[in-house]
$ cat model-v5.txt   # compact mmCIF, C-alpha atoms and all ligand atoms
# COMPACT_ATOMS: atom_id res chain seq x y z
CA MET G 14 0.00 0.00 0.00
CA LEU G 15 1.22 3.48 -0.87
CA ILE G 16 0.10 6.41 1.29
CA THR G 17 0.56 9.55 -0.79
CA ASN G 18 0.26 13.35 -0.38
CA GLY G 19 0.86 13.38 3.35
CA THR G 20 2.66 15.70 5.72
CA LEU G 21 4.73 13.20 7.67
CA VAL G 22 5.49 13.63 11.34
CA THR G 23 8.15 10.98 11.79
CA TRP G 24 8.82 11.17 15.55
CA GLU G 25 12.41 10.30 14.84
CA ASP G 26 14.82 11.78 17.35
CA PRO G 27 15.15 14.58 16.37
CA ASN G 28 11.68 14.76 14.87
CA ARG G 29 11.10 15.59 11.20
CA ILE G 30 8.06 17.06 9.44
CA LEU G 31 8.06 16.29 5.71
CA SER G 32 5.56 17.87 3.30
CA ASP G 33 4.12 16.09 0.28
CA TYR G 34 5.66 12.80 1.24
CA ALA G 35 4.62 9.20 0.71
CA LEU G 36 5.08 5.88 2.54
CA TYR G 37 5.21 2.48 0.92
CA ILE G 38 4.02 -0.33 3.22
CA GLU G 39 4.60 -4.03 2.67
CA ASP G 40 4.02 -6.96 5.07
CA GLY G 41 3.05 -4.63 7.89
CA VAL G 42 6.28 -2.67 7.70
CA ILE G 43 7.20 0.75 6.29
CA LYS G 44 9.40 -0.19 3.38
CA THR G 45 10.17 3.17 1.77
CA ILE G 46 9.68 6.83 2.62
CA GLY G 47 10.10 9.55 0.01
CA PRO G 48 8.53 12.45 -1.87
CA THR G 49 5.10 11.53 -3.28
CA ARG G 50 6.12 11.85 -6.94
CA ALA G 51 9.20 9.69 -6.51
CA LEU G 52 7.33 6.90 -4.75
CA MET G 53 4.42 7.00 -7.22
CA ALA G 54 6.95 6.45 -10.00
CA ARG G 55 8.68 3.67 -8.08
CA TYR G 56 5.50 1.79 -7.05
CA PRO G 57 3.05 2.40 -9.93
CA GLN G 58 1.05 -0.77 -9.22
CA ALA G 59 0.65 -0.25 -5.46
CA GLU G 60 -2.79 0.20 -3.93
CA ARG G 61 -3.04 3.92 -3.12
CA LEU G 62 -4.31 5.72 -0.07
CA ASP G 63 -4.35 9.46 -0.78
CA ALA G 64 -3.81 11.38 2.46
CA GLY G 65 -4.95 14.55 0.69
CA GLY G 66 -2.58 16.78 2.65
CA GLN G 67 -3.46 15.35 6.05
CA LEU G 68 -0.82 14.67 8.68
CA VAL G 69 0.55 11.13 8.61
CA MET G 70 1.87 10.15 12.03
CA PRO G 71 2.72 7.09 14.09
CA GLY G 72 -0.33 5.84 16.01
CA ASN G 73 -0.60 6.88 19.64
CA ILE G 74 0.49 4.50 22.40
CA CYS G 75 -1.14 4.15 25.81
CA ALA G 76 1.22 3.05 28.59
CA HIS G 77 -1.42 2.09 31.18
CA THR G 78 -5.12 1.37 30.82
CA HIS G 79 -7.91 -0.83 32.20
CA PHE G 80 -10.34 -2.21 29.62
CA TYR G 81 -12.28 -3.80 32.49
CA GLY G 82 -13.49 -0.41 33.75
CA ALA G 83 -15.78 0.19 30.77
CA TYR G 84 -19.00 -0.64 32.63
CA ALA G 85 -18.32 2.11 35.17
CA ARG G 86 -19.52 4.70 32.68
CA GLY G 87 -22.68 6.32 34.07
CA MET G 88 -22.91 3.85 36.95
CA ALA G 89 -24.20 5.14 40.29
CA ILE G 90 -22.17 4.44 43.42
CA PRO G 91 -24.68 3.71 46.20
CA GLY G 92 -24.61 5.74 49.43
CA PRO G 93 -22.74 8.97 50.06
CA ALA G 94 -20.08 9.88 47.50
CA PRO G 95 -16.63 8.35 48.22
CA GLU G 96 -14.47 10.87 50.08
CA ASN G 97 -11.06 9.67 48.98
CA PHE G 98 -9.23 7.23 46.72
CA PRO G 99 -9.27 4.24 49.12
CA GLN G 100 -13.07 4.60 49.28
CA ILE G 101 -13.23 4.81 45.47
CA LEU G 102 -11.33 1.51 45.27
CA GLU G 103 -13.52 -0.20 47.86
CA ARG G 104 -16.87 1.09 46.66
CA LEU G 105 -16.36 1.42 42.90
CA TRP G 106 -13.53 -0.60 41.35
CA TRP G 107 -13.36 -3.67 43.57
CA PRO G 108 -17.10 -4.45 43.57
CA LEU G 109 -17.16 -3.73 39.81
CA ASP G 110 -14.31 -6.05 38.84
CA LYS G 111 -16.06 -8.82 40.83
CA ALA G 112 -19.20 -8.28 38.75
CA LEU G 113 -17.50 -9.20 35.47
CA ASP G 114 -17.82 -12.58 33.79
CA LYS G 115 -16.44 -13.87 30.51
CA ASP G 116 -18.93 -12.04 28.28
CA THR G 117 -18.55 -8.72 30.04
CA VAL G 118 -14.73 -8.95 30.14
CA ARG G 119 -14.87 -9.48 26.39
CA LEU G 120 -17.28 -6.60 25.83
CA SER G 121 -15.40 -4.23 28.14
CA ALA G 122 -12.36 -4.85 25.96
CA LEU G 123 -14.30 -4.53 22.70
CA VAL G 124 -15.83 -1.16 23.52
CA SER G 125 -12.39 0.08 24.61
CA LEU G 126 -10.89 -1.13 21.33
CA VAL G 127 -13.55 0.64 19.25
CA ASP G 128 -12.67 3.79 21.18
CA ALA G 129 -8.94 3.23 20.56
CA VAL G 130 -9.30 2.80 16.80
CA LYS G 131 -11.48 5.92 16.57
CA HIS G 132 -9.00 7.97 18.60
CA GLY G 133 -5.93 6.74 16.75
CA THR G 134 -4.39 4.80 19.63
CA THR G 135 -2.75 1.76 18.09
CA THR G 136 -0.90 0.15 21.04
CA LEU G 137 -2.50 -0.34 24.46
CA ILE G 138 -0.86 -1.64 27.63
CA ASP G 139 -3.74 -3.06 29.66
CA HIS G 140 -3.94 -4.08 33.33
CA HIS G 141 -6.81 -6.50 33.87
CA ALA G 142 -8.87 -7.66 36.88
CA SER G 143 -11.93 -9.93 36.99
CA PRO G 144 -11.73 -12.05 40.19
CA ASN G 145 -14.70 -14.22 39.20
CA PHE G 146 -13.25 -15.02 35.78
CA ILE G 147 -9.48 -15.28 36.10
CA GLU G 148 -8.29 -18.31 34.13
CA GLY G 149 -8.59 -17.60 30.44
CA SER G 150 -9.44 -13.93 30.96
CA LEU G 151 -6.34 -12.79 29.08
CA ASP G 152 -7.24 -15.08 26.16
CA ALA G 153 -10.75 -13.60 26.04
CA ILE G 154 -9.17 -10.15 25.76
CA ALA G 155 -6.48 -11.26 23.31
CA ASP G 156 -9.10 -12.73 20.98
CA VAL G 157 -10.93 -9.44 20.63
CA VAL G 158 -7.69 -7.45 20.33
CA ASP G 159 -6.87 -9.74 17.42
CA TRP G 160 -10.29 -9.17 15.93
CA ALA G 161 -9.90 -5.41 16.24
CA GLY G 162 -6.41 -5.62 14.72
CA LEU G 163 -4.72 -3.49 17.38
CA ARG G 164 -1.45 -4.05 19.24
CA ALA G 165 -1.62 -4.71 23.00
CA VAL G 166 0.28 -5.82 26.08
CA LEU G 167 -1.86 -7.79 28.55
CA CYS G 168 -1.51 -8.86 32.18
CA TYR G 169 -3.68 -9.95 35.10
CA GLU G 170 -3.45 -8.01 38.36
CA VAL G 171 -2.44 -10.29 41.24
CA THR G 172 -3.89 -9.23 44.58
CA ASP G 173 -4.59 -10.65 48.05
CA ARG G 174 -7.94 -8.96 48.36
CA ASP G 175 -9.99 -11.99 47.23
CA GLY G 176 -8.12 -14.66 49.16
CA GLU G 177 -5.24 -17.01 48.50
CA GLU G 178 -6.88 -19.18 45.85
CA LYS G 179 -7.64 -16.22 43.58
CA MET G 180 -4.22 -14.72 44.27
CA ARG G 181 -2.66 -17.99 43.03
CA ALA G 182 -5.02 -18.09 40.04
CA GLY G 183 -3.87 -14.56 39.13
CA ILE G 184 -0.22 -15.58 39.19
CA ALA G 185 -1.03 -18.66 37.11
CA GLU G 186 -2.95 -16.61 34.53
CA ASN G 187 0.01 -14.28 34.00
CA VAL G 188 2.51 -17.14 33.73
CA ARG G 189 0.23 -19.19 31.47
CA PHE G 190 -0.50 -16.31 29.10
CA ILE G 191 3.13 -15.18 28.89
CA GLY G 192 4.14 -18.76 28.06
CA GLU G 193 1.34 -19.66 25.64
CA ASN G 194 0.65 -16.39 23.84
CA GLU G 195 1.23 -16.66 20.12
CA HIS G 196 -0.70 -13.61 18.92
CA PRO G 197 1.79 -11.65 16.82
CA LEU G 198 0.50 -8.21 17.85
CA ILE G 199 0.05 -9.09 21.52
CA ALA G 200 2.57 -9.49 24.32
CA GLY G 201 2.11 -10.62 27.90
CA THR G 202 3.56 -9.16 31.07
CA PHE G 203 3.04 -9.83 34.80
CA GLY G 204 0.39 -7.75 36.60
CA LEU G 205 0.34 -6.82 40.27
CA HIS G 206 -2.35 -4.65 41.81
CA ALA G 207 -0.45 -2.46 44.29
CA SER G 208 1.73 -2.85 47.36
CA LEU G 209 -1.26 -2.24 49.64
CA THR G 210 -3.06 -5.41 48.55
CA LEU G 211 0.04 -7.63 48.31
CA GLY G 212 1.41 -9.39 51.38
CA ASP G 213 5.03 -10.46 51.70
CA ALA G 214 4.27 -14.12 50.95
CA THR G 215 2.42 -13.11 47.77
CA LEU G 216 5.26 -10.87 46.61
CA GLU G 217 7.63 -13.76 47.28
CA SER G 218 5.45 -16.09 45.16
CA CYS G 219 5.26 -13.52 42.34
CA ALA G 220 9.02 -12.99 42.31
CA GLU G 221 9.50 -16.79 42.12
CA ALA G 222 6.89 -17.24 39.38
CA LEU G 223 8.12 -14.32 37.26
CA PRO G 224 9.50 -15.74 34.00
CA ALA G 225 13.03 -14.71 33.04
CA ASP G 226 13.28 -11.40 31.22
CA VAL G 227 9.73 -10.36 32.16
CA GLY G 228 8.95 -7.30 34.29
CA VAL G 229 5.82 -6.40 36.22
CA HIS G 230 3.05 -3.84 35.70
CA VAL G 231 2.01 -2.43 39.08
CA HIS G 232 0.30 0.61 40.62
CA VAL G 233 2.69 2.55 42.88
CA ALA G 234 1.77 5.17 45.48
CA GLU G 235 -1.28 6.41 43.62
CA HIS G 236 -2.51 7.66 47.02
CA GLU G 237 -0.72 8.18 50.34
CA ALA G 238 -2.52 5.07 51.64
CA ASP G 239 -0.14 2.86 49.65
CA GLU G 240 2.89 4.45 51.38
CA ALA G 241 1.26 4.35 54.83
CA ASP G 242 0.44 0.67 54.37
CA SER G 243 3.99 -0.16 53.30
CA LEU G 244 5.48 1.74 56.24
CA ARG G 245 3.13 -0.15 58.57
CA ARG G 246 4.05 -3.51 57.08
CA CYS G 247 7.82 -3.19 57.00
CA GLY G 248 8.98 0.29 57.97
CA ARG G 249 9.98 1.02 54.37
CA ARG G 250 8.27 2.90 51.58
CA VAL G 251 6.58 1.21 48.58
CA VAL G 252 9.44 1.44 46.08
CA GLU G 253 11.94 0.20 48.66
CA ARG G 254 9.59 -2.62 49.67
CA LEU G 255 9.09 -3.89 46.11
CA ASP G 256 12.82 -3.43 45.41
CA GLU G 257 13.51 -6.22 47.93
CA TYR G 258 11.71 -8.61 45.56
CA GLY G 259 13.73 -7.53 42.54
CA LEU G 260 10.67 -6.19 40.72
CA TRP G 261 12.18 -2.99 39.27
CA GLY G 262 13.94 -2.84 35.92
CA ASP G 263 13.62 -1.77 32.32
CA LYS G 264 10.67 -4.09 31.60
CA THR G 265 8.64 -2.95 34.60
CA ILE G 266 5.91 -0.28 34.62
CA ALA G 267 5.21 1.57 37.86
CA ALA G 268 1.89 3.34 37.32
CA HIS G 269 1.21 6.74 38.95
CA CYS G 270 4.05 7.25 41.50
CA VAL G 271 2.21 10.31 42.81
CA HIS G 272 3.44 10.03 46.40
CA ILE G 273 6.93 8.57 46.10
CA ASP G 274 9.79 10.51 47.70
CA GLU G 275 13.16 11.49 46.29
CA ARG G 276 14.87 8.28 47.42
CA GLU G 277 12.18 6.17 45.76
CA ARG G 278 12.53 8.22 42.59
CA GLN G 279 16.25 7.49 42.61
CA ILE G 280 15.63 3.72 42.87
CA LEU G 281 13.27 3.84 39.88
CA ALA G 282 15.73 5.99 37.92
CA ASP G 283 18.70 3.75 38.76
CA THR G 284 16.85 0.58 37.77
CA GLY G 285 15.56 2.08 34.50
CA THR G 286 11.94 1.40 35.54
CA TRP G 287 9.18 3.00 33.44
CA VAL G 288 6.83 5.32 35.34
CA SER G 289 3.45 5.89 33.74
CA HIS G 290 1.58 9.13 34.33
CA GLN G 291 -2.24 9.35 34.11
CA PRO G 292 -3.18 13.00 34.70
CA ARG G 293 -6.94 12.67 34.01
CA SER G 294 -7.26 9.79 36.46
CA ASN G 295 -5.19 11.58 39.10
CA MET G 296 -7.41 14.66 38.84
CA ASN G 297 -10.60 12.60 38.88
CA ASN G 298 -9.53 10.67 41.98
CA ALA G 299 -8.11 13.82 43.58
CA VAL G 300 -4.93 11.97 44.55
CA GLY G 301 -2.51 14.78 43.72
CA ALA G 302 0.14 15.18 41.04
CA MET G 303 3.46 13.39 40.54
CA ALA G 304 6.68 15.43 40.76
CA PHE G 305 6.79 15.60 36.97
CA ASP G 306 9.59 18.12 36.47
CA ALA G 307 11.77 16.68 39.23
CA MET G 308 11.35 13.23 37.67
CA VAL G 309 12.30 14.55 34.23
CA ALA G 310 15.34 16.28 35.74
CA GLN G 311 16.31 13.05 37.49
CA GLY G 312 16.30 11.20 34.16
CA MET G 313 13.32 9.01 35.01
CA LYS G 314 11.57 7.27 32.13
CA ILE G 315 8.09 8.77 32.39
CA CYS G 316 5.40 7.50 30.01
CA LEU G 317 1.79 8.49 29.47
CA GLY G 318 -1.26 6.31 30.08
CA ASN G 319 -5.00 6.89 30.48
CA ASP G 320 -5.97 4.55 33.35
CA GLY G 321 -9.18 3.55 31.54
CA PHE G 322 -10.24 7.05 30.54
CA SER G 323 -10.98 7.41 26.80
CA ASN G 324 -8.20 6.33 24.46
CA ASN G 325 -7.80 9.91 23.31
CA MET G 326 -4.14 10.23 24.22
CA TRP G 327 -3.93 13.89 23.19
CA ALA G 328 -6.35 14.59 26.03
CA GLU G 329 -3.70 13.14 28.38
CA TRP G 330 -1.01 15.32 26.71
CA LYS G 331 -3.17 18.37 27.37
CA ASP G 332 -4.01 17.50 30.94
CA ALA G 333 -0.40 16.66 31.79
CA TYR G 334 0.55 20.02 30.28
CA LEU G 335 -2.03 21.86 32.40
CA LEU G 336 -2.05 19.88 35.67
CA HIS G 337 1.53 20.55 36.77
CA LYS G 338 1.20 24.25 36.02
CA VAL G 339 -1.83 24.76 38.22
CA VAL G 340 -0.66 22.47 41.04
CA ASN G 341 2.67 24.29 41.26
CA ARG G 342 1.29 27.75 40.36
CA ASP G 343 4.13 27.91 37.84
CA PRO G 344 3.51 28.24 34.06
CA ARG G 345 7.03 26.92 33.36
CA ARG G 346 6.14 23.42 34.56
CA ALA G 347 5.53 20.44 32.26
CA ASN G 348 7.07 22.06 29.19
CA GLY G 349 5.52 20.98 25.87
CA ALA G 350 8.80 19.47 24.71
CA ASP G 351 8.94 17.35 27.89
CA ILE G 352 5.36 16.18 27.35
CA ALA G 353 6.29 15.13 23.79
CA ARG G 354 9.40 13.33 25.09
CA VAL G 355 7.19 11.39 27.49
CA ALA G 356 4.17 10.73 25.28
CA ALA G 357 5.79 10.16 21.90
CA TYR G 358 9.34 8.94 22.51
CA ASN G 359 9.19 7.21 25.90
CA ASN G 360 5.87 5.48 25.15
CA ALA G 361 7.34 4.12 21.91
CA ARG G 362 10.50 2.84 23.62
CA LEU G 363 8.36 1.24 26.33
CA ALA G 364 6.16 -0.51 23.73
CA GLU G 365 9.28 -1.76 21.92
CA CYS G 366 10.37 -3.56 25.13
CA PHE G 367 7.39 -5.88 24.63
CA PHE G 368 7.90 -6.29 20.87
CA PRO G 369 11.68 -6.51 20.73
CA ASP G 370 11.94 -7.12 16.99
CA THR G 371 9.65 -4.24 16.08
CA ARG G 372 10.31 -0.52 15.84
CA LEU G 373 7.25 1.35 17.04
CA GLY G 374 6.02 4.94 17.28
CA MET G 375 8.20 6.20 14.46
CA LEU G 376 7.87 6.68 10.70
CA VAL G 377 11.16 5.27 9.44
CA GLU G 378 11.98 2.55 6.96
CA GLY G 379 11.70 -0.79 8.73
CA ALA G 380 9.29 0.42 11.44
CA ALA G 381 5.88 -1.18 11.99
CA ALA G 382 3.14 0.38 9.86
CA ASP G 383 1.10 1.61 12.85
CA ILE G 384 -0.05 4.89 11.36
CA ILE G 385 -2.78 7.49 11.71
CA LEU G 386 -4.01 10.19 9.35
CA VAL G 387 -4.94 13.45 11.06
CA ASP G 388 -7.06 16.12 9.40
CA TYR G 389 -5.23 19.08 10.95
CA HIS G 390 -4.48 22.19 8.95
CA PRO G 391 -2.21 24.57 10.88
CA TYR G 392 -2.93 28.28 10.42
CA THR G 393 0.40 29.27 11.96
CA PRO G 394 3.78 27.76 11.06
CA MET G 395 4.13 24.23 12.39
CA THR G 396 7.71 23.10 12.87
CA GLU G 397 9.53 20.25 14.56
CA GLY G 398 10.23 22.68 17.41
CA ASN G 399 6.69 23.90 18.08
CA LEU G 400 4.75 20.72 17.18
CA PRO G 401 4.10 19.84 20.87
CA TRP G 402 2.19 23.12 21.27
CA HIS G 403 0.17 22.49 18.10
CA ILE G 404 -0.78 19.15 19.63
CA VAL G 405 -1.64 20.59 23.05
CA PHE G 406 -3.61 23.55 21.73
CA GLY G 407 -4.83 22.37 18.31
CA PHE G 408 -5.14 18.62 17.94
CA GLU G 409 -8.39 16.81 18.64
CA ALA G 410 -8.80 13.06 18.50
CA SER G 411 -11.84 13.60 16.27
CA MET G 412 -9.36 14.76 13.61
CA VAL G 413 -8.08 11.19 13.27
CA THR G 414 -9.66 9.96 10.04
CA THR G 415 -7.71 6.78 9.35
CA THR G 416 -6.06 4.23 11.65
CA ILE G 417 -3.65 1.57 10.40
CA VAL G 418 -1.96 -1.15 12.47
CA ASP G 419 0.60 -3.59 11.12
CA GLY G 420 -0.25 -2.34 7.63
CA ASN G 421 -3.97 -3.16 8.00
CA ILE G 422 -6.51 -0.36 7.75
CA LEU G 423 -8.77 -0.49 10.83
CA MET G 424 -10.56 2.80 10.13
CA ARG G 425 -10.69 4.62 6.81
CA ASP G 426 -12.24 8.08 6.45
CA ARG G 427 -13.77 7.56 9.91
CA GLN G 428 -15.43 4.26 8.91
CA LEU G 429 -14.45 1.36 11.15
CA LEU G 430 -13.50 -1.64 9.04
CA THR G 431 -12.86 -4.38 11.61
CA LEU G 432 -15.35 -3.57 14.37
CA ASP G 433 -19.09 -2.93 14.15
CA GLU G 434 -19.52 -0.18 16.73
CA PRO G 435 -23.34 -0.08 16.90
CA ALA G 436 -23.54 -3.88 17.27
CA ILE G 437 -20.81 -3.97 19.93
CA ALA G 438 -22.38 -1.09 21.86
CA ALA G 439 -25.81 -2.75 21.68
CA GLU G 440 -24.43 -6.04 22.97
CA ALA G 441 -22.57 -4.31 25.82
CA LEU G 442 -25.68 -2.29 26.69
CA GLU G 443 -27.81 -5.42 26.87
CA LEU G 444 -25.52 -6.87 29.55
CA ALA G 445 -25.04 -3.62 31.48
CA PRO G 446 -28.12 -3.89 33.78
CA ARG G 447 -26.93 -7.29 35.07
CA VAL G 448 -23.36 -6.03 35.61
CA TRP G 449 -24.74 -3.05 37.55
CA GLU G 450 -27.03 -5.35 39.61
CA ARG G 451 -24.15 -7.63 40.53
CA TYR G 452 -22.07 -4.55 41.38
CA GLN G 453 -24.83 -3.21 43.65
CA ALA G 454 -25.05 -6.59 45.39
CA ASN G 455 -21.27 -6.62 45.88
CA VAL G 456 -21.36 -3.13 47.40
CA ALA G 457 -24.21 -4.16 49.71
CA ALA G 458 -22.17 -7.18 50.83
CA ILE G 459 -19.25 -4.92 51.88
CA THR G 460 -21.53 -2.42 53.61
CA HIS G 461 -23.22 -5.15 55.68
CA ARG G 462 -20.02 -6.96 56.50
ZN ZN B 1 -4.52 1.93 36.84
$ encode --input "model-v5.txt" --output "structure tokens"
Amino acid sequence: MLITNGTLVTWEDPNRILSDYALYIEDGVIKTIGPTRALMARYPQAERLDAGGQLVMPGNICAHTHFYGAYARGMAIPGPAPENFPQILERLWWPLDKALDKDTVRLSALVSLVDAVKHGTTTLIDHHASPNFIEGSLDAIADVVDWAGLRAVLCYEVTDRDGEEKMRAGIAENVRFIGENEHPLIAGTFGLHASLTLGDATLESCAEALPADVGVHVHVAEHEADEADSLRRCGRRVVERLDEYGLWGDKTIAAHCVHIDERERQILADTGTWVSHQPRSNMNNAVGAMAFDAMVAQGMKICLGNDGFSNNMWAEWKDAYLLHKVVNRDPRRANGADIARVAAYNNARLAECFFPDTRLGMLVEGAAADIILVDYHPYTPMTEGNLPWHIVFGFEASMVTTTIVDGNILMRDRQLLTLDEPAIAAEALELAPRVWERYQANVAAITHR
């Protein structure tokens, strides 16, 4: 396939913007990049996709999400509104994940994938929980990711909160999926909920079960409660506690890290651990803001996720850009270039850890053809230098018209080609009342405990 008449944003380092360029794609890979006329002469027989002057960019990557949260949309939490994040976990997320069965795990993923294709997010790193459907849950998700045609990294969150048997089943699901997975666009990693729901014996079991060369995907200090719990358990903070089990490293994702201190930051920096930032979620849960600029200055590998919010990653760019300014009352914080470093470059390098033979998030010869077309027409000069500010102030996910993964077109001119959105939404909607009923019953069970 030959994509012609595009303005390429290559996200090479340094970035390049190339007008009236074309890309020739073969076997899921970008084979040649060059001026439109030259490539049209070189590949006269190729199937053409005329970008018509739109931007042609690498697809967006999400470093941390939860497909399983889809049924929370519009759902009422019974009783008085939760006052803090621990209450949100206990009264929203934990009773909801228990309400999911095989069909609703599948549909939660499907609706999230529809959303991802429409918003131009081509790689998703998911963190899954469904305590009443653990074994095979990652296969159920993988099957629909395959169907959608997207790229994903999957794991199951191990936790002690549902007893030892389910904790062991969670470990087994991670190990099984990592070992058995043969989906070419899917990788497995090892999920852990968070220090506050993981006892020492469980962490020991996870460290033993962890396959060689695999890291973990874990929430870290999203709220102060995680740190307080760790200090109570062992007198050390969360990052120091998990360090004892050898869980940090360049294949591990530590999500949030809102309340870690300078020493913990240093451990994550020294071990090359990825730290994913989810500004919309942090604002919604009122947990505070990570020390973004200090982390950048310390050389930490910060990435950008959405924590189950919409797969509109430019919304996360914008909120990261704004959040640190208002929290610190300092308009110099979270510079646009730093946001681009995090969201474009670091996310791509993180994704490549899971697909070691594949170059992602970059338009270069030999890279995966994970590409979006964006109908954005700048009315001021747009250069490599100021692109981050065009994205923050000008880009909307609704401008994504075409989404391509591994050389396959998943959406063309805003028409989804692999997924039937109305049918998927209707099927999810049909099951929603039962999910909400089971959720309500689970909340009532906690309240009357
Ligand atoms: Zn999360």
$ closest_residue --input "model-v5.txt" --among "G:Thr284, G:Gln311, G:Asn194, G:Asn145" --to "G:Thr117" --atoms "all atoms listed in the file"
G:Asn145
$ closest_residue --input "model-v5.txt" --among "G:Leu255, G:Ile315, G:Ala458, G:Val413" --to "G:Asp239" --atoms "all atoms listed in the file"
G:Leu255
$ residues_near_point --input "model-v5.txt" --point "(-1.5, -12.1, 38.2)" --cutoff "8 Å" --atoms "all atoms listed in the file" --output "number ranges by chain"
G: 168-172, 180-188, 203-205
$ closest_residue --input "model-v5.txt" --among "G:Asp156, G:Glu275, G:Glu235, G:Glu450" --to "ligand ZN 1 (chain B)" --atoms "only C-alpha atoms and all ligand atoms"
G:Glu235
$ atom_distance --input "model-v5.txt" --atom1 "atom CA of G:Asp320" --atom2 "atom ZN of ligand ZN 1 (chain B)"
4.6 Å
$ residues_near_ligand --input "model-v5.txt" --ligand "ligand ZN 1 (chain B)" --cutoff "10 Å" --atoms "all atoms listed in the file" --output "list in words"
His77, Thr78, His79, Gly82, Asp139, His140, His141, His206, Ala207, His230, Val231, His232, Val233, Glu235, Ala267, Ala268, His269, Ser289, His290, Gln291, Ser294, Asn295, Gly318, Asn319, Asp320, Gly321 and Phe322 of chain G
$ closest_residue --input "model-v5.txt" --among "G:Ala364, G:Val387, G:Ala241, G:Ala129" --to "G:Leu167" --atoms "all atoms listed in the file"
G:Ala364
$ residues_around --input "model-v5.txt" --residues "G:Ile16" --least-positions-apart "4" --cutoff "7 Å" --atoms "only C-alpha atoms" --output "compact mmCIF listing (two decimals) with C-alpha atoms, in the coordinates of the input"
# COMPACT_ATOMS: atom_id res chain seq x y z
CA ALA G 35 4.62 9.20 0.71
CA LEU G 36 5.08 5.88 2.54
CA TYR G 37 5.21 2.48 0.92
CA ARG G 61 -3.04 3.92 -3.12
CA LEU G 62 -4.31 5.72 -0.07
CA ASP G 63 -4.35 9.46 -0.78
CA ALA G 64 -3.81 11.38 2.46
$ atom_distance --input "model-v5.txt" --atom1 "atom CA of G:Tyr452" --atom2 "atom CA of G:Ala153"
21.1 Å
$ residues_around --input "model-v5.txt" --residues "stretch 333-338 of chain G" --least-positions-apart "3" --cutoff "12 Å" --atoms "only C-alpha atoms" --output "number ranges by chain"
G: 271, 289-297, 299, 301-307, 315-319, 326-330, 341-353, 355-356, 401-402, 404-406
$ write_last_selection --input "model-v5.txt" --atoms "C-alpha atoms" --output "compact mmCIF listing (two decimals), in the frame of the given file"
# COMPACT_ATOMS: atom_id res chain seq x y z
CA VAL G 271 2.21 10.31 42.81
CA SER G 289 3.45 5.89 33.74
CA HIS G 290 1.58 9.13 34.33
CA GLN G 291 -2.24 9.35 34.11
CA PRO G 292 -3.18 13.00 34.70
CA ARG G 293 -6.94 12.67 34.01
CA SER G 294 -7.26 9.79 36.46
CA ASN G 295 -5.19 11.58 39.10
CA MET G 296 -7.41 14.66 38.84
CA ASN G 297 -10.60 12.60 38.88
CA ALA G 299 -8.11 13.82 43.58
CA GLY G 301 -2.51 14.78 43.72
CA ALA G 302 0.14 15.18 41.04
CA MET G 303 3.46 13.39 40.54
CA ALA G 304 6.68 15.43 40.76
CA PHE G 305 6.79 15.60 36.97
CA ASP G 306 9.59 18.12 36.47
CA ALA G 307 11.77 16.68 39.23
CA ILE G 315 8.09 8.77 32.39
CA CYS G 316 5.40 7.50 30.01
CA LEU G 317 1.79 8.49 29.47
CA GLY G 318 -1.26 6.31 30.08
CA ASN G 319 -5.00 6.89 30.48
CA MET G 326 -4.14 10.23 24.22
CA TRP G 327 -3.93 13.89 23.19
CA ALA G 328 -6.35 14.59 26.03
CA GLU G 329 -3.70 13.14 28.38
CA TRP G 330 -1.01 15.32 26.71
CA ASN G 341 2.67 24.29 41.26
CA ARG G 342 1.29 27.75 40.36
CA ASP G 343 4.13 27.91 37.84
CA PRO G 344 3.51 28.24 34.06
CA ARG G 345 7.03 26.92 33.36
CA ARG G 346 6.14 23.42 34.56
CA ALA G 347 5.53 20.44 32.26
CA ASN G 348 7.07 22.06 29.19
CA GLY G 349 5.52 20.98 25.87
CA ALA G 350 8.80 19.47 24.71
CA ASP G 351 8.94 17.35 27.89
CA ILE G 352 5.36 16.18 27.35
CA ALA G 353 6.29 15.13 23.79
CA VAL G 355 7.19 11.39 27.49
CA ALA G 356 4.17 10.73 25.28
CA PRO G 401 4.10 19.84 20.87
CA TRP G 402 2.19 23.12 21.27
CA ILE G 404 -0.78 19.15 19.63
CA VAL G 405 -1.64 20.59 23.05
CA PHE G 406 -3.61 23.55 21.73
$ atom_distance --input "model-v5.txt" --atom1 "atom CA of G:Cys75" --atom2 "atom CA of G:Arg362"
11.9 Å
$ closest_atom_pairs --input "model-v5.txt" --of "stretch 220-334 of chain G" --to "stretch 93-111 of chain G" --cutoff "7 Å" --atoms "only C-alpha atoms" --output "Markdown table"
| residue | atom | partner | partner_atom | distance |
| --- | --- | --- | --- | --- |
| G:His236 | CA | G:Phe98 | CA | 6.7 |
| G:Asn298 | CA | G:Phe98 | CA | 5.9 |
| G:Val300 | CA | G:Phe98 | CA | 6.8 |
$ closest_residue --input "model-v5.txt" --among "G:Gly407, G:Pro91, G:Gly420, G:Pro224" --to "G:Val456" --atoms "all atoms listed in the file"
G:Pro91
$ closest_residue --input "model-v5.txt" --among "G:Glu177, G:Ser243, G:Val22, G:Gln67" --to "G:Ser218" --atoms "all atoms listed in the file"
G:Glu177
$ residues_around --input "model-v5.txt" --residues "stretch 421-427 of chain G" --least-positions-apart "2" --cutoff "12 Å" --atoms "all atoms listed in the file" --output "ChimeraX atom specification"
/G:14,16,38-43,62-65,67,72,126-135,158-164,198,381-388,410-419,429-434
$ residues_near_point --input "model-v5.txt" --point "(11.8, 5.3, 13.5)" --cutoff "12 Å" --atoms "all atoms listed in the file" --output "ChimeraX atom specification"
/G:22-29,42-44,46,70-71,357-358,361-362,365,371-383
